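A.B. asks: Submitted below is the structure of interest, expressed as structure tokens.
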Amino acid sequence: MAEKIRVVHYLNQFFAQIGGEEKADIGPGFKEGPIGPGRALQQSLAGNGEVVATLFCGDNYFAEHAKDATEELLRQMTRCKPHLLIAGPAFESGRYGVACGAICKAAQERLGIYAVAGMDQENAGAALYCKNVYIINSGDSIVRMVPTLQRMVAVGVKLLQGTPLGRPEEEGYIPRGIKRNAFAAKPPAERAVDMLLTKIRGEPFKSEIAAPQFHHIKPASALRDLSSAVIALVTDGGLVPEGNPERMEPGRPTRFTTIPVDGIDRLDPKQFDVVHSGYDTAFANQDPHRLVPLDVMRELEQQGIIGKLHESIHATGGAHAAVENATRIGQGIADRLKSAGVTGVILTST
Amino acid sequence: MRLEMGLVNIKDVRFGSRTAIDDHVLFIDRQELISLLAQEPLFDSVEIDLAHPGESCRIIRVLDVLEPRYRLNGPNFPGALDGVGLVGAGQTRALKNVCVVETSADHARGRNIIDMSGPATAYSPFGATHNVVLISHATKGADVAEYRLAVKKAGLRAAVYLGAAAKEVLPDETQIYELPPTAFNRGPQELPRIGYIFPIHSQQHPTHQKETVFYGSNVQGFLPTIVHPNEILDGALMFSYSAFTYFAQNHPVIQELYRRHRRDLWFAGVVVTVAPVTIGEKERNSHLAARLASEVLGADGVIATKIGGGAVDTDLMMIYQRCEEMGMKATLIIMERYPDTGITFVPENVDALVTPGLTRDPITLPPMERVIGGDTLSLDNTNPDNTNPGISSLPANQELRVWVGDIVGAISQVGASRLITYIG
């Protein structure tokens, strides 16, 4: 490597040799060069890099003033123009671990520098930040200081060089929850037969895909009086205004659209489109009421069977939705409908 | 029923004055093959091109891939190409290391790429085969759906035409696929009886009225049925979408069950079914498929795979649950799509899933000197480098950022892949 890697090291008050719990209230600080474990970090870097500065903060101070502390640490970090931030390792110290995760995430997102944290996999900071930050699992004992720093440097250097990282168990990081392909020793058909025969023998086996975890939602109680109800229409079938002006995604949705229908009695196929990658949209394009029954709802409204039809239709294209996005979209639509006084919703899917 | 699959290894493919195999080299009379395929009234013109392993060459807009085959004792692809008839018994010749690759001019998306060199070849078998590529141009005003069916029929025609060159050739190896009638298909007590439940199509994308999927049937309203595994291998099945027919001819699960038959399992047989669109039909078909595996095949364990999109995950999970309820153990092969989200429909008791890989895994393919099948392509709507669906048309010979799932043959839903996934 032509240029030496400029590394900033983040420590808490204890490892920065300011003091123990009695000094946990001190605010962010800055020192040039390595301190304490920073010397082992410098050794791990060998000739490839230099610990240009050490940033530190008291555990309590960070916990109580996370935002201010982060701002101040980022400000000081900017001055040293680092390539890489190494935070910790924090082992099982929860406040320290959370601070390491937070400062790494902020440095990556706001300063665009690579960051690696270290802590025990049971540390609260690991659960909070392992999706966003590479966290080397240090274990809970300080005797693992040197090997942990070595792994943190190895991962940091790979990130900097754009070298793909290996599996978590090879590199020592805590899984980020992101699926990746790897070449397998045996083809899937052979693995499937192996798994089935193991299962039949009653021996332990491991599914290659973990089942997703869902929150269970208690359905709202039924409406007592339809004649006073405000009903909204919502669909994940991909209804959009003609020409899809908001460029709604046909699949893998990240957002929803709001289509005003106040004063409209019918969905004119010339004024609406259906954009959805998961089914044949020809029939819904021919007559959008096959997807969203606005016509029937208007009749029910005129007959007084329902109180009122809500002024807009909310729509998204539900194919291949990520559960996280679908949850957020649903929450967003529900919040709007609730604040608009809607009491019932008809969801049409495909 | 006994099928003798005579494998003829081909080490090169060249154009020549006569279609024949000479010392493991396949010579193709280009004009004769073009004339044969140009009979199709929906084609304005047909071209044939060759792509060889190691070449700086990219094939795009791939519709289907087939292995050249010829049945010595009866019809080829009955119902789809030849007239009514049965397959799965007798002698068949298979040309190894050669594929017929159909391209479809209307298939403009980036999905379905074969690279003959570079990183894609690590993922797919089709970068290592000599590929005979069909490029056909539709007549003006031809119906797009019917044109596609014509392209697929042309592929069958070419596969049989080339396979016929092996009629008189002594196979390098003969594979025997043999299972007796279900009633007599009994093994020793200690070997578990394994069945395979195979949904061959998902009607979320309905088949065309004239489409030929199974023995010429468009499989609309198809009910689960027992078929002999040899029929799948020998030309009864061509996929409508979402899988390549090569993987029916070389079905990984069927081949694996045969490979281990009598050794550590007893191959009990195959149930073919279709994934319908309404919940009632899905329940009915999954019930019937599991019942056939249990009561007719007498299976102790079942492997099931799927064809199609996320909607079929439901069918697959239903099949799994019905099998387990009936006292059989089940394992599914199910493809994963996205790095950050799981398969939506996984009931809590479903604990045995095998993945052939993750389709939405980005990969950079280098520029290629030559492109077959078109000059441009537009990448998938959710590709990181193309957020405007269908808008930008890219020169196909340049460096492409695509998904692993865009590489033809990289991830097959019937279990052909070299991949596994892990949580990183």
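Chain lettering (A, B, ...) mirrors the order of the structure tokens, residue numbering begins at 1 for each chain separately, and ligand numbering begins at 1 in order of display.
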Residues of chain A near chain B: apply a cut-off of 6 Å, count only C-alpha atoms, and supply the list as a PyMOL selection string.

C.D. replies: chain A and resi 167-168+175-184+187-189+192+196+207-209+211-212+279+322

A.B. asks: Could you take the residues named above and write them with N, CA and C atoms, as a PDB file, in the first residue's frame?

C.D. replies:
ATOM      1  N   ARG A 167     -16.700 -15.286   5.727  1.00  0.00           N
ATOM      2  CA  ARG A 167     -17.797 -15.551   6.650  1.00  0.00           C
ATOM      3  C   ARG A 167     -17.485 -14.997   8.034  1.00  0.00           C
ATOM      4  N   PRO A 168     -18.527 -14.728   8.823  1.00  0.00           N
ATOM      5  CA  PRO A 168     -18.324 -14.188  10.166  1.00  0.00           C
ATOM      6  C   PRO A 168     -17.345 -15.021  10.999  1.00  0.00           C
ATOM      7  N   PRO A 175     -22.374 -11.579  12.953  1.00  0.00           N
ATOM      8  CA  PRO A 175     -23.166 -11.516  11.712  1.00  0.00           C
ATOM      9  C   PRO A 175     -24.053 -10.275  11.667  1.00  0.00           C
ATOM     10  N   ARG A 176     -24.064  -9.637  10.499  1.00  0.00           N
ATOM     11  CA  ARG A 176     -24.831  -8.405  10.340  1.00  0.00           C
ATOM     12  C   ARG A 176     -26.269  -8.679   9.912  1.00  0.00           C
ATOM     13  N   GLY A 177     -26.590  -9.934   9.675  1.00  0.00           N
ATOM     14  CA  GLY A 177     -27.956 -10.251   9.256  1.00  0.00           C
ATOM     15  C   GLY A 177     -28.160 -10.052   7.772  1.00  0.00           C
ATOM     16  N   ILE A 178     -27.062  -9.987   7.007  1.00  0.00           N
ATOM     17  CA  ILE A 178     -27.175  -9.797   5.564  1.00  0.00           C
ATOM     18  C   ILE A 178     -26.766 -11.089   4.874  1.00  0.00           C
ATOM     19  N   LYS A 179     -27.672 -11.596   4.029  1.00  0.00           N
ATOM     20  CA  LYS A 179     -27.413 -12.865   3.365  1.00  0.00           C
ATOM     21  C   LYS A 179     -26.416 -12.689   2.235  1.00  0.00           C
ATOM     22  N   ARG A 180     -25.579 -13.683   2.070  1.00  0.00           N
ATOM     23  CA  ARG A 180     -24.611 -13.656   0.980  1.00  0.00           C
ATOM     24  C   ARG A 180     -24.510 -15.031   0.352  1.00  0.00           C
ATOM     25  N   ASN A 181     -24.102 -15.060  -0.899  1.00  0.00           N
ATOM     26  CA  ASN A 181     -23.827 -16.338  -1.557  1.00  0.00           C
ATOM     27  C   ASN A 181     -22.413 -16.791  -1.256  1.00  0.00           C
ATOM     28  N   ALA A 182     -22.236 -18.086  -1.188  1.00  0.00           N
ATOM     29  CA  ALA A 182     -20.887 -18.661  -1.139  1.00  0.00           C
ATOM     30  C   ALA A 182     -20.922 -19.935  -1.973  1.00  0.00           C
ATOM     31  N   PHE A 183     -19.790 -20.317  -2.515  1.00  0.00           N
ATOM     32  CA  PHE A 183     -19.751 -21.577  -3.252  1.00  0.00           C
ATOM     33  C   PHE A 183     -19.790 -22.729  -2.244  1.00  0.00           C
ATOM     34  N   ALA A 184     -20.575 -23.736  -2.587  1.00  0.00           N
ATOM     35  CA  ALA A 184     -20.819 -24.832  -1.652  1.00  0.00           C
ATOM     36  C   ALA A 184     -20.045 -26.068  -2.079  1.00  0.00           C
ATOM     37  N   PRO A 187     -23.843 -29.841  -4.175  1.00  0.00           N
ATOM     38  CA  PRO A 187     -24.994 -29.145  -4.782  1.00  0.00           C
ATOM     39  C   PRO A 187     -26.245 -29.238  -3.899  1.00  0.00           C
ATOM     40  N   PRO A 188     -27.193 -28.315  -4.101  1.00  0.00           N
ATOM     41  CA  PRO A 188     -28.390 -28.262  -3.246  1.00  0.00           C
ATOM     42  C   PRO A 188     -29.177 -29.571  -3.213  1.00  0.00           C
ATOM     43  N   ALA A 189     -29.283 -30.273  -4.345  1.00  0.00           N
ATOM     44  CA  ALA A 189     -30.071 -31.510  -4.361  1.00  0.00           C
ATOM     45  C   ALA A 189     -29.451 -32.540  -3.411  1.00  0.00           C
ATOM     46  N   ALA A 192     -30.090 -31.491   0.115  1.00  0.00           N
ATOM     47  CA  ALA A 192     -31.493 -31.713   0.497  1.00  0.00           C
ATOM     48  C   ALA A 192     -31.716 -33.175   0.878  1.00  0.00           C
ATOM     49  N   LEU A 196     -32.750 -34.559   4.548  1.00  0.00           N
ATOM     50  CA  LEU A 196     -33.954 -35.373   4.730  1.00  0.00           C
ATOM     51  C   LEU A 196     -33.633 -36.695   5.423  1.00  0.00           C
ATOM     52  N   SER A 207     -31.479 -26.288   9.294  1.00  0.00           N
ATOM     53  CA  SER A 207     -32.064 -25.695   8.097  1.00  0.00           C
ATOM     54  C   SER A 207     -31.136 -24.616   7.568  1.00  0.00           C
ATOM     55  N   GLU A 208     -31.044 -24.517   6.246  1.00  0.00           N
ATOM     56  CA  GLU A 208     -30.153 -23.489   5.679  1.00  0.00           C
ATOM     57  C   GLU A 208     -30.793 -22.109   5.679  1.00  0.00           C
ATOM     58  N   ILE A 209     -32.093 -22.066   5.883  1.00  0.00           N
ATOM     59  CA  ILE A 209     -32.792 -20.773   5.908  1.00  0.00           C
ATOM     60  C   ILE A 209     -33.560 -20.696   7.218  1.00  0.00           C
ATOM     61  N   ALA A 211     -36.385 -19.302   9.712  1.00  0.00           N
ATOM     62  CA  ALA A 211     -37.733 -18.751   9.549  1.00  0.00           C
ATOM     63  C   ALA A 211     -37.743 -17.298  10.026  1.00  0.00           C
ATOM     64  N   PRO A 212     -38.462 -16.419   9.331  1.00  0.00           N
ATOM     65  CA  PRO A 212     -38.525 -15.027   9.773  1.00  0.00           C
ATOM     66  C   PRO A 212     -39.323 -14.897  11.064  1.00  0.00           C
ATOM     67  N   TYR A 279     -47.823 -10.166 -10.798  1.00  0.00           N
ATOM     68  CA  TYR A 279     -48.966 -10.837 -11.421  1.00  0.00           C
ATOM     69  C   TYR A 279     -49.262 -10.199 -12.780  1.00  0.00           C
ATOM     70  N   ALA A 322     -39.779  -6.380   1.219  1.00  0.00           N
ATOM     71  CA  ALA A 322     -39.004  -6.700   2.418  1.00  0.00           C
ATOM     72  C   ALA A 322     -39.913  -6.470   3.618  1.00  0.00           C
TER      73      ALA A 322
END

A.B. asks: Run DSSP on the backbone and grab whatever in region 9-85 of chain A lands in strand (DSSP E or B); send it over as a list in words.

C.D. replies: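 Across region 9-85 of chain A, those assigned strand (DSSP E or B) are His9, Tyr10, Leu11, Asn12, Gly29, Phe30, Lys31, Glu32, Gly49, Glu50, Val51, Val52, Ala53, Thr54, Leu55, Phe56, Cys57, Leu84 and Leu85 of chain A.
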
A.B. asks: Take the residues from that selection and put them in a file with C-alpha atoms, as a compact mmCIF listing (two decimals), in the first residue's frame.

C.D. replies:
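The file below, selection.txt, is the result:
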# COMPACT_ATOMS: atom_id res chain seq x y z
CA HIS A 9 -8.80 4.93 17.93
CA TYR A 10 -11.83 5.42 20.18
CA LEU A 11 -11.58 4.44 23.87
CA ASN A 12 -13.56 5.05 27.05
CA GLY A 29 -11.37 14.30 24.55
CA PHE A 30 -8.60 14.06 22.01
CA LYS A 31 -4.93 13.08 22.18
CA GLU A 32 -2.45 12.66 19.40
CA GLY A 49 -0.67 2.36 9.14
CA GLU A 50 -0.43 4.77 11.97
CA VAL A 51 -2.65 5.53 14.94
CA VAL A 52 -2.79 9.28 14.38
CA ALA A 53 -5.05 10.10 17.30
CA THR A 54 -7.03 8.71 20.20
CA LEU A 55 -10.53 9.96 20.92
CA PHE A 56 -12.15 9.19 24.21
CA CYS A 57 -15.23 9.88 26.24
CA LEU A 84 -10.28 4.08 9.44
CA LEU A 85 -11.88 4.27 12.88

A.B. asks: Taking only C-alpha atoms into account, which of A:Arg110, A:Arg144, A:Lys218, A:Arg6 comes nearest Ile86 (chain A)?

C.D. replies: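 Result for the nearest residue to Ile86 (chain A): A:Arg6.
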
A.B. asks: Between B:Pro395, B:His287, B:Phe267, B:Gly85, single out the one closest to Val371 (chain B), counting only C-alpha atoms.

C.D. replies: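 Of the candidates, the smallest distance to Val371 (chain B) is held by B:Pro395.
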
A.B. asks: Got a sec to tell me which of region 212-421 of chain B DSSP assigns to helix (DSSP H, G or I), as a VMD selection string?

C.D. replies: chain B and resid 229 to 233 246 to 249 252 to 260 279 to 296 311 to 325 404 to 406

A.B. asks: Please identify all polymer residues within 9 Å of Arg370 (chain B), counting only C-alpha atoms, omitting same-chain residues fewer than 6 positions from it, and present them as an MDAnalysis selection string.

C.D. replies: chainID B and resid 55:59 397

A.B. asks: Can I get the selected residues back with N, CA, C and O atoms, as a PDB file, in the first residue's frame?

C.D. replies:
ATOM      1  N   GLU B  55     -14.322 -18.112 -24.735  1.00  0.00           N
ATOM      2  CA  GLU B  55     -14.411 -16.980 -25.662  1.00  0.00           C
ATOM      3  C   GLU B  55     -14.843 -15.709 -24.948  1.00  0.00           C
ATOM      4  O   GLU B  55     -15.609 -15.758 -23.989  1.00  0.00           O
ATOM      5  N   SER B  56     -14.413 -14.579 -25.465  1.00  0.00           N
ATOM      6  CA  SER B  56     -14.904 -13.302 -24.956  1.00  0.00           C
ATOM      7  C   SER B  56     -16.244 -13.025 -25.627  1.00  0.00           C
ATOM      8  O   SER B  56     -16.340 -12.269 -26.586  1.00  0.00           O
ATOM      9  N   CYS B  57     -17.267 -13.709 -25.136  1.00  0.00           N
ATOM     10  CA  CYS B  57     -18.563 -13.711 -25.806  1.00  0.00           C
ATOM     11  C   CYS B  57     -19.679 -13.752 -24.766  1.00  0.00           C
ATOM     12  O   CYS B  57     -19.577 -14.449 -23.751  1.00  0.00           O
ATOM     13  N   ARG B  58     -20.721 -12.992 -25.047  1.00  0.00           N
ATOM     14  CA  ARG B  58     -21.885 -12.928 -24.143  1.00  0.00           C
ATOM     15  C   ARG B  58     -23.140 -13.252 -24.946  1.00  0.00           C
ATOM     16  O   ARG B  58     -23.313 -12.730 -26.053  1.00  0.00           O
ATOM     17  N   ILE B  59     -23.980 -14.133 -24.392  1.00  0.00           N
ATOM     18  CA  ILE B  59     -25.275 -14.416 -25.016  1.00  0.00           C
ATOM     19  C   ILE B  59     -26.336 -13.731 -24.162  1.00  0.00           C
ATOM     20  O   ILE B  59     -26.337 -13.906 -22.935  1.00  0.00           O
ATOM     21  N   ASN B 397     -22.223  -5.190 -24.727  1.00  0.00           N
ATOM     22  CA  ASN B 397     -20.835  -5.672 -24.696  1.00  0.00           C
ATOM     23  C   ASN B 397     -20.006  -5.016 -23.606  1.00  0.00           C
ATOM     24  O   ASN B 397     -18.880  -5.391 -23.364  1.00  0.00           O
TER      25      ASN B 397
END

A.B. asks: If we count only C-alpha atoms and set the cut-off at 7 Å, which residues sit around region 145-157 of chain B, ignoring sequence neighbours fewer than 3 positions away in its own chain? Please answer as a PyMOL selection string.

C.D. replies: chain B and resi 37+42+81+100+102+104+138+142+160-161+211

A.B. asks: Excluding Ala243 (chain B) and its own-chain neighbours fewer than 2 positions away, which residues fall within 10 Å of it when counting only C-alpha atoms? Please give them as a ChimeraX atom specification.

C.D. replies: /B:63-65,200-201,238-241,245-248,306-308,408-409,411-414

A.B. asks: Which residues, written as an MDAnalysis selection string, have at least one atom at most 9 Å from Val296 (chain B), with only C-alpha atoms counted and residues fewer than 3 positions away on the same chain left out?

C.D. replies: chainID B and resid 182:183 226 291:293 299

A.B. asks: Take the residues that were just selected and, keeping all heavy atoms, output them as a PDB file, in the first residue's frame.

C.D. replies:
ATOM      1  N   THR B 182     -44.939 -48.796  -9.391  1.00  0.00           N
ATOM      2  CA  THR B 182     -45.052 -48.421  -7.979  1.00  0.00           C
ATOM      3  C   THR B 182     -45.405 -49.613  -7.082  1.00  0.00           C
ATOM      4  O   THR B 182     -44.845 -49.777  -6.002  1.00  0.00           O
ATOM      5  CB  THR B 182     -46.127 -47.325  -7.838  1.00  0.00           C
ATOM      6  OG1 THR B 182     -45.767 -46.282  -8.731  1.00  0.00           O
ATOM      7  CG2 THR B 182     -46.192 -46.786  -6.437  1.00  0.00           C
ATOM      8  N   ALA B 183     -46.325 -50.459  -7.564  1.00  0.00           N
ATOM      9  CA  ALA B 183     -46.778 -51.588  -6.741  1.00  0.00           C
ATOM     10  C   ALA B 183     -45.644 -52.550  -6.411  1.00  0.00           C
ATOM     11  O   ALA B 183     -45.680 -53.235  -5.386  1.00  0.00           O
ATOM     12  CB  ALA B 183     -47.898 -52.334  -7.464  1.00  0.00           C
ATOM     13  N   ILE B 226     -49.032 -39.043 -10.325  1.00  0.00           N
ATOM     14  CA  ILE B 226     -47.767 -39.770 -10.279  1.00  0.00           C
ATOM     15  C   ILE B 226     -47.196 -39.823 -11.691  1.00  0.00           C
ATOM     16  O   ILE B 226     -47.931 -40.118 -12.632  1.00  0.00           O
ATOM     17  CB  ILE B 226     -48.003 -41.234  -9.826  1.00  0.00           C
ATOM     18  CG1 ILE B 226     -48.745 -41.290  -8.507  1.00  0.00           C
ATOM     19  CG2 ILE B 226     -46.708 -42.029  -9.809  1.00  0.00           C
ATOM     20  CD1 ILE B 226     -47.913 -41.196  -7.289  1.00  0.00           C
ATOM     21  N   ARG B 291     -50.990 -36.693  -0.385  1.00  0.00           N
ATOM     22  CA  ARG B 291     -51.700 -37.964  -0.268  1.00  0.00           C
ATOM     23  C   ARG B 291     -51.126 -39.000  -1.240  1.00  0.00           C
ATOM     24  O   ARG B 291     -50.921 -40.165  -0.882  1.00  0.00           O
ATOM     25  CB  ARG B 291     -53.183 -37.713  -0.537  1.00  0.00           C
ATOM     26  CG  ARG B 291     -54.053 -38.917  -0.765  1.00  0.00           C
ATOM     27  CD  ARG B 291     -54.113 -39.891   0.396  1.00  0.00           C
ATOM     28  NE  ARG B 291     -54.734 -39.398   1.604  1.00  0.00           N
ATOM     29  CZ  ARG B 291     -56.043 -39.276   1.820  1.00  0.00           C
ATOM     30  NH1 ARG B 291     -56.893 -39.563   0.869  1.00  0.00           N
ATOM     31  NH2 ARG B 291     -56.499 -38.872   2.965  1.00  0.00           N
ATOM     32  N   LEU B 292     -50.839 -38.579  -2.472  1.00  0.00           N
ATOM     33  CA  LEU B 292     -50.246 -39.509  -3.445  1.00  0.00           C
ATOM     34  C   LEU B 292     -48.881 -39.996  -2.957  1.00  0.00           C
ATOM     35  O   LEU B 292     -48.559 -41.186  -3.068  1.00  0.00           O
ATOM     36  CB  LEU B 292     -50.105 -38.838  -4.817  1.00  0.00           C
ATOM     37  CG  LEU B 292     -51.399 -38.636  -5.611  1.00  0.00           C
ATOM     38  CD1 LEU B 292     -51.149 -37.764  -6.835  1.00  0.00           C
ATOM     39  CD2 LEU B 292     -51.995 -39.982  -6.038  1.00  0.00           C
ATOM     40  N   ALA B 293     -48.082 -39.071  -2.409  1.00  0.00           N
ATOM     41  CA  ALA B 293     -46.749 -39.464  -1.912  1.00  0.00           C
ATOM     42  C   ALA B 293     -46.897 -40.457  -0.767  1.00  0.00           C
ATOM     43  O   ALA B 293     -46.167 -41.446  -0.673  1.00  0.00           O
ATOM     44  CB  ALA B 293     -45.966 -38.234  -1.471  1.00  0.00           C
ATOM     45  N   ALA B 299     -44.207 -43.130   0.744  1.00  0.00           N
ATOM     46  CA  ALA B 299     -42.947 -42.455   1.087  1.00  0.00           C
ATOM     47  C   ALA B 299     -42.816 -42.240   2.591  1.00  0.00           C
ATOM     48  O   ALA B 299     -43.788 -41.965   3.287  1.00  0.00           O
ATOM     49  CB  ALA B 299     -42.863 -41.114   0.358  1.00  0.00           C
TER      50      ALA B 299
END

A.B. asks: Give me the residues near Gly94 (chain A) as a list of chain:residue names, where near means some atom within 10 Å (using only C-alpha atoms) and where sequence neighbours in that chain fewer than 5 positions away do not count.

C.D. replies: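 Listing them by chain and then by number gives A:Asp59, A:Ala63, A:Ala99, A:Cys100, A:Met119, A:Asp120, A:Glu122, A:Asn123, A:Ala124, A:Gly125, A:Ala126.
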
A.B. asks: Next, dump the selected residues to file, keeping only N, CA and C atoms, as an mmCIF file, in the first residue's frame.

C.D. replies:
data_model
loop_
_atom_site.group_PDB
_atom_site.id
_atom_site.type_symbol
_atom_site.label_atom_id
_atom_site.label_comp_id
_atom_site.auth_asym_id
_atom_site.auth_seq_id
_atom_site.Cartn_x
_atom_site.Cartn_y
_atom_site.Cartn_z
ATOM 1 N N ASP A 59 -17.903 6.947 29.914
ATOM 2 C CA ASP A 59 -19.048 6.083 29.614
ATOM 3 C C ASP A 59 -20.377 6.742 29.966
ATOM 4 N N ALA A 63 -23.413 8.039 27.477
ATOM 5 C CA ALA A 63 -24.765 7.472 27.628
ATOM 6 C C ALA A 63 -25.795 8.579 27.816
ATOM 7 N N ALA A 99 -21.398 3.047 22.964
ATOM 8 C CA ALA A 99 -20.692 4.227 22.443
ATOM 9 C C ALA A 99 -19.848 3.849 21.220
ATOM 10 N N CYS A 100 -19.156 2.697 21.285
ATOM 11 C CA CYS A 100 -18.329 2.251 20.150
ATOM 12 C C CYS A 100 -19.196 2.074 18.899
ATOM 13 N N MET A 119 -16.326 -5.810 20.592
ATOM 14 C CA MET A 119 -17.010 -6.014 21.879
ATOM 15 C C MET A 119 -17.485 -7.465 21.950
ATOM 16 N N ASP A 120 -17.948 -7.860 23.114
ATOM 17 C CA ASP A 120 -18.495 -9.201 23.280
ATOM 18 C C ASP A 120 -19.839 -9.289 22.555
ATOM 19 N N GLU A 122 -22.485 -10.503 23.436
ATOM 20 C CA GLU A 122 -23.626 -10.282 24.324
ATOM 21 C C GLU A 122 -23.753 -8.820 24.753
ATOM 22 N N ASN A 123 -22.777 -8.021 24.400
ATOM 23 C CA ASN A 123 -22.814 -6.597 24.754
ATOM 24 C C ASN A 123 -24.041 -5.938 24.109
ATOM 25 N N ALA A 124 -24.715 -5.054 24.854
ATOM 26 C CA ALA A 124 -25.916 -4.398 24.316
ATOM 27 C C ALA A 124 -25.610 -3.664 23.015
ATOM 28 N N GLY A 125 -24.395 -3.143 22.910
ATOM 29 C CA GLY A 125 -24.001 -2.416 21.700
ATOM 30 C C GLY A 125 -23.997 -3.315 20.471
ATOM 31 N N ALA A 126 -23.742 -4.606 20.660
ATOM 32 C CA ALA A 126 -23.706 -5.529 19.520
ATOM 33 C C ALA A 126 -25.101 -5.677 18.923
#
